[in-house]
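What follows is one structure encoded as C-alpha cells, with my remarks underneath.
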Amino acid sequence: MSKAERIKAGLAHRYRAERHFRLYGIGAILLALGFLGVMLTVVIGRGVGVLQQSYIQLTLTVTAEAAETGDWQGLIKTSLREQFPEARKRKDKKQLYGFVSSGAGYALRRQVEQNPDLIGQRRAYWLPVSDDVDMLLKDAIDRSLPESDRRITDQELAWIDTLIESGALELRFNKGFFTSGDSREPELAGILGAAVGSALSLLVCLMLAFPLGVMTAVHLEEFAPKNRWTDLIEVNINNLAAVPSIVFGLLGLAVFLNVFGLPRSAPLVGGMVLALMTLPTIIIASRAALKSVPPSIRQAAMALGASPVQVVLHHILPSAMPGMLTGTIIGMAQALGETAPLLMIGMVAFIVDVPQGILEQATALPVQIFLWADAPERAFGERTAAAILVLLVFLVLMNLTAVILRKRFEQRW
Amino acid sequence: MIQIATVSNDPIHKQPDAAPAGAAKITAQGVNVYYGDKQALKDISIDVPAHQVTALIGPSGCGKSTFLRCINRMNDVIDGCCMEGEIRLDGEDIYARGIDVVHLRARVGMVFQKPNPFPKSIYDNVAYGPKIHGLAASRAEMDEIVLHSLEKAGLIDEVRDRLDAPGTGLSGGQQQRLCIARAIAVEPEVILMDEPCSALDPIATARIEELIDELKQNYTIVMVTHSMQQAARVSQKTAFFHMGELVEQGTTEDIFTRPADDRTKAYITGRIG
C-alpha cells in the first residue's frame, strides 16, 4: 500500500471519530438543556399560581363605631353570618370565619382609609380568603378525598360552591405578593422584603468587594515583587475561594457582630460577609484579566514615558475591565444565591417589614425560599416556587447588566 | 473640526537636540547584562553618532535587542535582569542614581517589532505621549502636535478623515507608522527601533525605510534589524553582535565591504545566523 493510500484508508476512521465527538458534544448540550427545561417547567408550573389570589366578596357596612374601635374582623364575621344564616352552631361559625384570611381586616381597613367616604355606606368589598380556600380554588386540594383527609370539610365545600356560583369568590391578580414582606399566613406573605434585603446586601457586597478585589489584583499583578510573601498570599487567596461559605458566616458572627457590635440580621453585615466570600473570586478573575492584557500595550505605554500608575490606569485597567466585570458578576451571582453565611448572622429571622436601610433587620431571597420551603402550609409551596422564580429573574437581570456593561467597556476603546 | 491648515514647521517643533551630526550622542562603556545566571551582553562599548541611523545586526539571540532596551531602560522591569557598565546620553549616565526613568523615556522613544497601537482612536494614540508629559497647553496645540507628528510619520494623508477611527483598524504598515508618529509626538532626541519592519510586507517596509531616512535629520536613530539589505540601505553606522559580544562596528560601508572579523564576514555573506 502506498503512503497516500494508507492515509486515505485512515481518513474514514478519522472522520467517524470526529462525527462521534461532535455528537457527544451535542448530546451533552441537549441533556443539559433538558435538565434546565425540566427545572424551569417545574418551578414555573408550581410558582405561577402566585400571580393570582382568591378573593371573597362581602357586603357590609363599615360603621363609624367599628372604624373607631378597629373591630374590622368583627364586621367581616357579621357579614359572613348574614350570608350563611344556617351556620348557628359554634363549630359551624368557626368554619365559616375560617374562610377569610386573618389579614382581611387590614385589607378592609386599608380600603376604608384610602376612601373615608365609605364609612356608613353599605357596599361590597373584595377581601383575601384563607390559604385553604385559595388552594381549593387553584385545584390544589383534591375534592374526591375522604373528608377526614381534606383540609376542607364537606360543609365548607358546600358553602364555597355556593359562593363560587354567585360569583362572590374568584381569583384576582395578587398584588400583595410583590408589595409586602413575609407573613405567617401564606395568603399574606410577599417577596418584597426578601428582595429588598437581597438587593441591599448585594449593594453593600459590591461596594466592598469590587474596589477591594480590583485593587488587590492590580497590586499583586502589577506592582508587588514576586517573592515568597506574594506567593503565600496568592496561595491563600486561592484557598479562600474554596472555603465553605458557612465559615465566612461564622467569621461574620464572631467578628462583625460580637466584636464590632454591628446590628444583627442587617443587610450591612450580610453584605460584608458576602463580600468576604466574593473577594477571592473577584481577585482571581481580575488577575486573570490583567494577565491577559497583551504586554505590547504595557511596553508601548512605558516606552512613551508613562509612569507605572499611568500605565495601569490608562491602559491596563480599561483593557482588563470587561474580564474584571465578568468575574465580579460571577461572584455577585454566587453571593445572591448564598444562604449559609446569612443564617449565621441572623438574616434567617422572621421579618415582616420591608427593610428601609442597610441597618434594619432583613432577610434575603435564598433564606426566604428556605423558610417558606420549611413551612407546613400547602400554599407556601407555591410561594417557594415563586420566590425561586424571583431569584432567577434577579440573576438574569444581573447577568444582563454585566453583558451590557462589558459591551460598553469594550466599545469605549 | 481639526484645522489641518495650522500644521507647519514652526519653531515649536524645532528639534531641541542641537548636537552636530556624527558627534557621539550615546556612549556605552563596558555594558554587561545578565538575565539571571545567563550573560546576555558581554562588555559592549559603542558610540552612537547623533543624527545618523545606527544599525545593530546579528543572528537571533545575539543580544542586539537587549542592548537596544538598555538605552531606554526597558530592561528595568524584567525580573532577574541586571546590568553593569555605563551608558551615557549626552554625557549623562542614564543608570546613575537620581535619573528619572520617565524623563529618560521621554527623551528616548521606542518603536517595537510588532506594531502595538493602543486600542484607542488614531488621534488619541498620537496624543497620549504629549498628554501625559503635559506638552500641549490647549486643545489647538494638541491638534497641531498630533497632525504634525502624523505628517512627519507620512501617515497624515491616509488618516486625515478618520482620526477618530481606532488605531488598531489600520493596516500593519500604517499601524507601524502610527507607532512612529506616537513616538515622535513626544519630540524625543533618540528613537530606538526594534526590527520595525519585520512584520511588514516589502512595500510597507520601503515606506518605513524612507521615513527613517527622513527622520534622521531630526533624531538619532538606533535600529535593530535582521535584514542586512535594510541595514545597508538606511544606516550610516553598523554594529555586528554575535553571542552577546559586539564583534565589529564601523561605518556601514566598511562593515559590508571590508569586514575585519571572520564572523562578520560569515554573517553578511549568509553563512551564519
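Residues are referred to by chain and number: the chain letter is A, B, ... according to the order shown in the C-alpha cells, the number counts from 1 in that chain, and ligands are numbered separately from 1 in the order shown.
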task: Return as an MDAnalysis selection string the residues belonging to chain B that are within 8 Å of chain A, counting only C-alpha atoms.
output: chainID B and resid 72 74 101:106 109:112 116:121 129 132:133 166 183 186
Convert the current residue selection to file output with C-alpha atoms, as a compact mmCIF listing (two decimals), in the first residue's frame.
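Saved to selection00.txt:
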```txt
# COMPACT_ATOMS: atom_id res chain seq x y z
CA ASN B 72 15.79 53.49 27.44
CA MET B 74 13.10 48.99 29.34
CA VAL B 101 13.23 56.76 34.01
CA VAL B 102 10.06 58.54 32.93
CA HIS B 103 12.07 61.55 31.86
CA LEU B 104 14.65 59.37 30.12
CA ARG B 105 11.93 57.62 28.11
CA ALA B 106 10.53 60.98 27.07
CA GLY B 109 11.45 56.97 22.22
CA MET B 110 10.94 53.43 21.03
CA VAL B 111 9.22 51.64 18.18
CA PHE B 112 8.64 47.91 18.58
CA ASN B 116 1.38 47.99 19.03
CA PRO B 117 -1.06 50.88 18.80
CA PHE B 118 -3.23 51.44 21.85
CA PRO B 119 -6.84 50.29 21.45
CA LYS B 120 -7.85 53.92 21.11
CA SER B 121 -8.50 56.30 18.25
CA GLY B 129 2.55 60.89 24.95
CA ILE B 132 0.96 62.57 29.93
CA HIS B 133 4.01 64.81 29.65
CA PRO B 166 -9.47 53.04 16.09
CA ALA B 183 6.94 58.13 19.38
CA VAL B 186 6.89 63.43 22.41
```
task: Pick out the residues sitting within 10 Å of stretch 145-151 of chain A, and hand them over as a ChimeraX atom specification; count only C-alpha atoms, and ignore anything fewer than 3 positions along from it in its own chain.
output: /A:132-133,135-136,141-142,154-156
field: Between atom CA of B:Ser171 and atom CA of B:Leu150 - distance in Å to one decimal
entry: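 If I compute the distance from atom CA of B:Leu150 to atom CA of B:Ser171, I get 15.2 Å.
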task: Go through stretch 90-320 of chain A and collect every residue that DSSP, computed from the backbone, puts in strand (DSSP E or B); the answer should be as a VMD selection string.
output: chain A and resid 100 122 to 129 169 to 173
Output of the above residues as a JSON list (two decimals), in the first residue's frame, restricted to N, CA and C atoms:
```json
[["chain", "number", "residue", "atom", "x", "y", "z"],
["A", 100, "VAL", "N", -62.20, 33.60, 55.53],
["A", 100, "VAL", "CA", -61.43, 34.81, 55.20],
["A", 100, "VAL", "C", -60.08, 34.74, 55.89],
["A", 122, "ARG", "N", -73.35, 50.96, 52.74],
["A", 122, "ARG", "CA", -73.40, 49.52, 52.62],
["A", 122, "ARG", "C", -72.97, 49.17, 51.20],
["A", 123, "ARG", "N", -71.91, 48.42, 51.10],
["A", 123, "ARG", "CA", -71.42, 48.07, 49.77],
["A", 123, "ARG", "C", -70.58, 46.80, 49.81],
["A", 124, "ALA", "N", -70.18, 46.33, 48.62],
["A", 124, "ALA", "CA", -69.42, 45.08, 48.54],
["A", 124, "ALA", "C", -67.92, 45.38, 48.56],
["A", 125, "TYR", "N", -67.20, 44.53, 49.30],
["A", 125, "TYR", "CA", -65.74, 44.64, 49.36],
["A", 125, "TYR", "C", -65.14, 43.30, 48.94],
["A", 126, "TRP", "N", -64.01, 43.38, 48.21],
["A", 126, "TRP", "CA", -63.27, 42.15, 47.88],
["A", 126, "TRP", "C", -62.16, 41.96, 48.91],
["A", 127, "LEU", "N", -62.18, 40.85, 49.61],
["A", 127, "LEU", "CA", -61.21, 40.63, 50.68],
["A", 127, "LEU", "C", -60.51, 39.28, 50.48],
["A", 128, "PRO", "N", -59.24, 39.20, 50.92],
["A", 128, "PRO", "CA", -58.50, 37.94, 50.72],
["A", 128, "PRO", "C", -59.07, 36.80, 51.56],
["A", 129, "VAL", "N", -59.08, 35.59, 50.98],
["A", 129, "VAL", "CA", -59.56, 34.42, 51.71],
["A", 129, "VAL", "C", -58.37, 33.69, 52.32],
["A", 169, "LEU", "N", -66.71, 34.59, 44.90],
["A", 169, "LEU", "CA", -65.39, 34.04, 45.23],
["A", 169, "LEU", "C", -64.65, 33.87, 43.92],
["A", 170, "GLU", "N", -63.57, 34.62, 43.76],
["A", 170, "GLU", "CA", -62.87, 34.49, 42.48],
["A", 170, "GLU", "C", -61.39, 34.78, 42.62],
["A", 171, "LEU", "N", -60.63, 34.35, 41.57],
["A", 171, "LEU", "CA", -59.19, 34.58, 41.54],
["A", 171, "LEU", "C", -58.90, 35.93, 40.91],
["A", 172, "ARG", "N", -58.06, 36.71, 41.58],
["A", 172, "ARG", "CA", -57.69, 38.00, 41.03],
["A", 172, "ARG", "C", -56.17, 38.13, 41.08],
["A", 173, "PHE", "N", -55.64, 39.15, 40.40],
["A", 173, "PHE", "CA", -54.19, 39.35, 40.38],
["A", 173, "PHE", "C", -53.69, 39.62, 41.80]]
```
Would you mind writing down, as a PDB file with C-alpha atoms, in the first residue's frame, each residue of stretch 101-228 of chain B that DSSP on the backbone assigns to alpha helix (DSSP H)?
```pdb
ATOM      1  CA  VAL B 101      13.227  56.759  34.011  1.00  0.00           C
ATOM      2  CA  VAL B 102      10.062  58.536  32.928  1.00  0.00           C
ATOM      3  CA  HIS B 103      12.068  61.555  31.858  1.00  0.00           C
ATOM      4  CA  LEU B 104      14.649  59.374  30.124  1.00  0.00           C
ATOM      5  CA  ARG B 105      11.930  57.625  28.113  1.00  0.00           C
ATOM      6  CA  ALA B 106      10.529  60.976  27.067  1.00  0.00           C
ATOM      7  CA  ARG B 107      13.979  61.710  25.580  1.00  0.00           C
ATOM      8  CA  ILE B 122      -5.683  57.330  15.917  1.00  0.00           C
ATOM      9  CA  TYR B 123      -5.761  60.804  17.425  1.00  0.00           C
ATOM     10  CA  ASP B 124      -5.579  59.528  20.992  1.00  0.00           C
ATOM     11  CA  ASN B 125      -2.720  57.206  20.124  1.00  0.00           C
ATOM     12  CA  VAL B 126      -0.570  60.097  18.988  1.00  0.00           C
ATOM     13  CA  ALA B 127      -1.830  62.494  21.646  1.00  0.00           C
ATOM     14  CA  TYR B 128      -1.157  60.121  24.528  1.00  0.00           C
ATOM     15  CA  GLY B 129       2.549  60.887  24.954  1.00  0.00           C
ATOM     16  CA  PRO B 130       2.196  64.682  24.779  1.00  0.00           C
ATOM     17  CA  LYS B 131      -0.785  64.438  27.124  1.00  0.00           C
ATOM     18  CA  ILE B 132       0.963  62.570  29.930  1.00  0.00           C
ATOM     19  CA  HIS B 133       4.012  64.814  29.646  1.00  0.00           C
ATOM     20  CA  ARG B 139      -6.649  71.516  22.502  1.00  0.00           C
ATOM     21  CA  ALA B 140      -5.500  73.512  19.478  1.00  0.00           C
ATOM     22  CA  GLU B 141      -1.872  72.935  20.375  1.00  0.00           C
ATOM     23  CA  MET B 142      -2.536  69.235  20.826  1.00  0.00           C
ATOM     24  CA  ASP B 143      -4.250  69.090  17.426  1.00  0.00           C
ATOM     25  CA  GLU B 144      -1.179  70.651  15.948  1.00  0.00           C
ATOM     26  CA  ILE B 145       1.223  68.227  17.620  1.00  0.00           C
ATOM     27  CA  VAL B 146      -0.886  65.253  16.501  1.00  0.00           C
ATOM     28  CA  LEU B 147      -1.197  66.408  12.909  1.00  0.00           C
ATOM     29  CA  HIS B 148       2.420  67.393  12.704  1.00  0.00           C
ATOM     30  CA  SER B 149       3.553  64.022  14.060  1.00  0.00           C
ATOM     31  CA  LEU B 150       1.293  62.150  11.662  1.00  0.00           C
ATOM     32  CA  GLU B 151       2.676  64.262   8.852  1.00  0.00           C
ATOM     33  CA  LYS B 152       6.267  63.531   9.827  1.00  0.00           C
ATOM     34  CA  ILE B 156      -1.461  62.051   7.536  1.00  0.00           C
ATOM     35  CA  ASP B 157      -2.837  61.681   4.015  1.00  0.00           C
ATOM     36  CA  GLU B 158      -4.174  58.236   4.780  1.00  0.00           C
ATOM     37  CA  VAL B 159      -5.880  59.072   8.055  1.00  0.00           C
ATOM     38  CA  GLY B 172       0.165  46.664   9.543  1.00  0.00           C
ATOM     39  CA  GLY B 173       2.352  49.230   7.790  1.00  0.00           C
ATOM     40  CA  GLN B 174       0.024  52.058   8.738  1.00  0.00           C
ATOM     41  CA  GLN B 175      -0.014  50.856  12.341  1.00  0.00           C
ATOM     42  CA  GLN B 176       3.762  50.900  12.448  1.00  0.00           C
ATOM     43  CA  ARG B 177       3.839  54.433  11.072  1.00  0.00           C
ATOM     44  CA  LEU B 178       1.232  55.340  13.669  1.00  0.00           C
ATOM     45  CA  CYS B 179       3.581  53.982  16.321  1.00  0.00           C
ATOM     46  CA  ILE B 180       6.373  56.081  14.868  1.00  0.00           C
ATOM     47  CA  ALA B 181       4.092  59.139  14.925  1.00  0.00           C
ATOM     48  CA  ARG B 182       3.253  58.321  18.524  1.00  0.00           C
ATOM     49  CA  ALA B 183       6.938  58.128  19.383  1.00  0.00           C
ATOM     50  CA  ILE B 184       7.892  61.390  17.681  1.00  0.00           C
ATOM     51  CA  PRO B 202       8.033  44.874   1.215  1.00  0.00           C
ATOM     52  CA  ILE B 203       6.009  47.923   0.176  1.00  0.00           C
ATOM     53  CA  ALA B 204       5.276  48.951   3.760  1.00  0.00           C
ATOM     54  CA  THR B 205       8.912  48.244   4.592  1.00  0.00           C
ATOM     55  CA  ALA B 206      10.073  50.561   1.840  1.00  0.00           C
ATOM     56  CA  ARG B 207       7.857  53.324   3.213  1.00  0.00           C
ATOM     57  CA  ILE B 208       9.215  52.915   6.713  1.00  0.00           C
ATOM     58  CA  GLU B 209      12.784  52.881   5.460  1.00  0.00           C
ATOM     59  CA  GLU B 210      12.130  56.078   3.551  1.00  0.00           C
ATOM     60  CA  LEU B 211      10.677  57.532   6.699  1.00  0.00           C
ATOM     61  CA  ILE B 212      13.675  56.505   8.807  1.00  0.00           C
ATOM     62  CA  ASP B 213      15.930  58.203   6.328  1.00  0.00           C
ATOM     63  CA  GLU B 214      13.973  61.440   6.670  1.00  0.00           C
ATOM     64  CA  LEU B 215      13.743  61.206  10.440  1.00  0.00           C
ATOM     65  CA  MET B 228      21.307  43.111   6.086  1.00  0.00           C
TER      66      MET B 228
END
```
task: List the neighbours of A:Met332 out to 9 Å using only C-alpha atoms; skip same-chain residues closer than 4 positions along the sequence, and give me the result as a PyMOL selection string.
output: chain A and resi 202+205-206+274-275+278+327-328+336-337+398
- prompt: Which neighbours of stretch 192-195 of chain A fall inside 9 Å, counting only C-alpha atoms, when residues of the same chain fewer than 2 positions from it are skipped, and could you give them as a list of chain:residue names?
  reply: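 Using only C-alpha atoms, the neighbours found are A:Phe177, A:Phe178, A:Thr179, A:Ser180, A:Gly181, A:Asp182, A:Gly190, A:Gly197, A:Ser198, A:Ala199, A:Leu200, A:Ile351, A:Val352, A:Asp353, A:Val354, A:Pro355, A:Ala362, A:Thr363, A:Ala364, A:Leu365, A:Pro366, A:Val367, A:Gln368, A:Val390, A:Leu391, A:Phe394.
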Same residues, C-alpha atoms, output as a short mmCIF file (atom, residue, chain, number, x, y, z; two decimals), in the first residue's frame:
```
data_model
loop_
_atom_site.label_atom_id
_atom_site.label_comp_id
_atom_site.auth_asym_id
_atom_site.auth_seq_id
_atom_site.Cartn_x
_atom_site.Cartn_y
_atom_site.Cartn_z
CA PHE A 177 -47.06 39.11 46.77
CA PHE A 178 -44.93 41.78 45.16
CA THR A 179 -45.60 44.58 47.62
CA SER A 180 -45.40 43.08 51.08
CA GLY A 181 -42.99 41.33 53.38
CA ASP A 182 -43.16 37.92 54.95
CA GLY A 190 -44.94 38.65 49.98
CA GLY A 197 -32.94 42.63 51.71
CA SER A 198 -31.05 40.79 48.98
CA ALA A 199 -30.63 43.93 46.91
CA LEU A 200 -29.28 45.90 49.87
CA ILE A 351 -39.13 39.70 59.45
CA VAL A 352 -42.43 41.17 58.32
CA ASP A 353 -41.37 44.70 57.42
CA VAL A 354 -39.72 45.65 54.18
CA PRO A 355 -36.26 46.95 55.18
CA ALA A 362 -33.90 41.96 56.84
CA THR A 363 -33.83 38.59 55.22
CA ALA A 364 -32.66 37.58 51.76
CA LEU A 365 -34.21 35.74 48.83
CA PRO A 366 -32.50 32.36 49.27
CA VAL A 367 -33.19 32.47 53.01
CA GLN A 368 -36.83 33.29 52.30
CA VAL A 390 -37.94 35.87 41.56
CA LEU A 391 -34.40 34.82 42.46
CA PHE A 394 -32.76 38.70 39.71
#
```
message: Can you tell me which residues surround A:Gly176 at a distance of at most 10 Å, considering only C-alpha atoms, apart from same-chain residues fewer than 5 positions away, and format the answer as a ChimeraX atom specification?
response: /A:50-53,181,187-192
message: Which residues are close to stretch 375-389 of chain A, i.e. within 7 Å by only C-alpha atoms, leaving aside same-chain residues fewer than 5 positions away? Reply as a PyMOL selection string.
response: chain A and resi 43+46-50+131+135+186+191+369
Those same residues, written as a PDB file, in the first residue's frame with C-alpha atoms?
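Below is the file result29.pdb, written as the result:
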```
ATOM      1  CA  VAL A  43     -40.668  25.755  39.081  1.00  0.00           C
ATOM      2  CA  ARG A  46     -45.649  25.429  40.637  1.00  0.00           C
ATOM      3  CA  GLY A  47     -44.951  29.084  41.140  1.00  0.00           C
ATOM      4  CA  VAL A  48     -47.114  30.742  38.535  1.00  0.00           C
ATOM      5  CA  GLY A  49     -50.221  30.272  40.694  1.00  0.00           C
ATOM      6  CA  VAL A  50     -48.954  33.000  42.998  1.00  0.00           C
ATOM      7  CA  ASP A 131     -54.919  29.800  52.170  1.00  0.00           C
ATOM      8  CA  MET A 135     -55.735  26.221  47.420  1.00  0.00           C
ATOM      9  CA  PRO A 186     -49.300  32.287  53.228  1.00  0.00           C
ATOM     10  CA  ILE A 191     -41.477  38.600  48.500  1.00  0.00           C
ATOM     11  CA  ILE A 369     -37.026  30.297  49.990  1.00  0.00           C
TER      12      ILE A 369
END
```
task: Excluding B:Gly36 and residues on its chain fewer than 6 positions from it, collect all residues at most 9 Å away from it, counting only C-alpha atoms, and give them as a ChimeraX atom specification.
output: /B:79-82
message: Between atom CA of B:His242 and atom CA of B:Ala266, what is the distance in Å, rounded to a tenth?
response: 11.2 Å
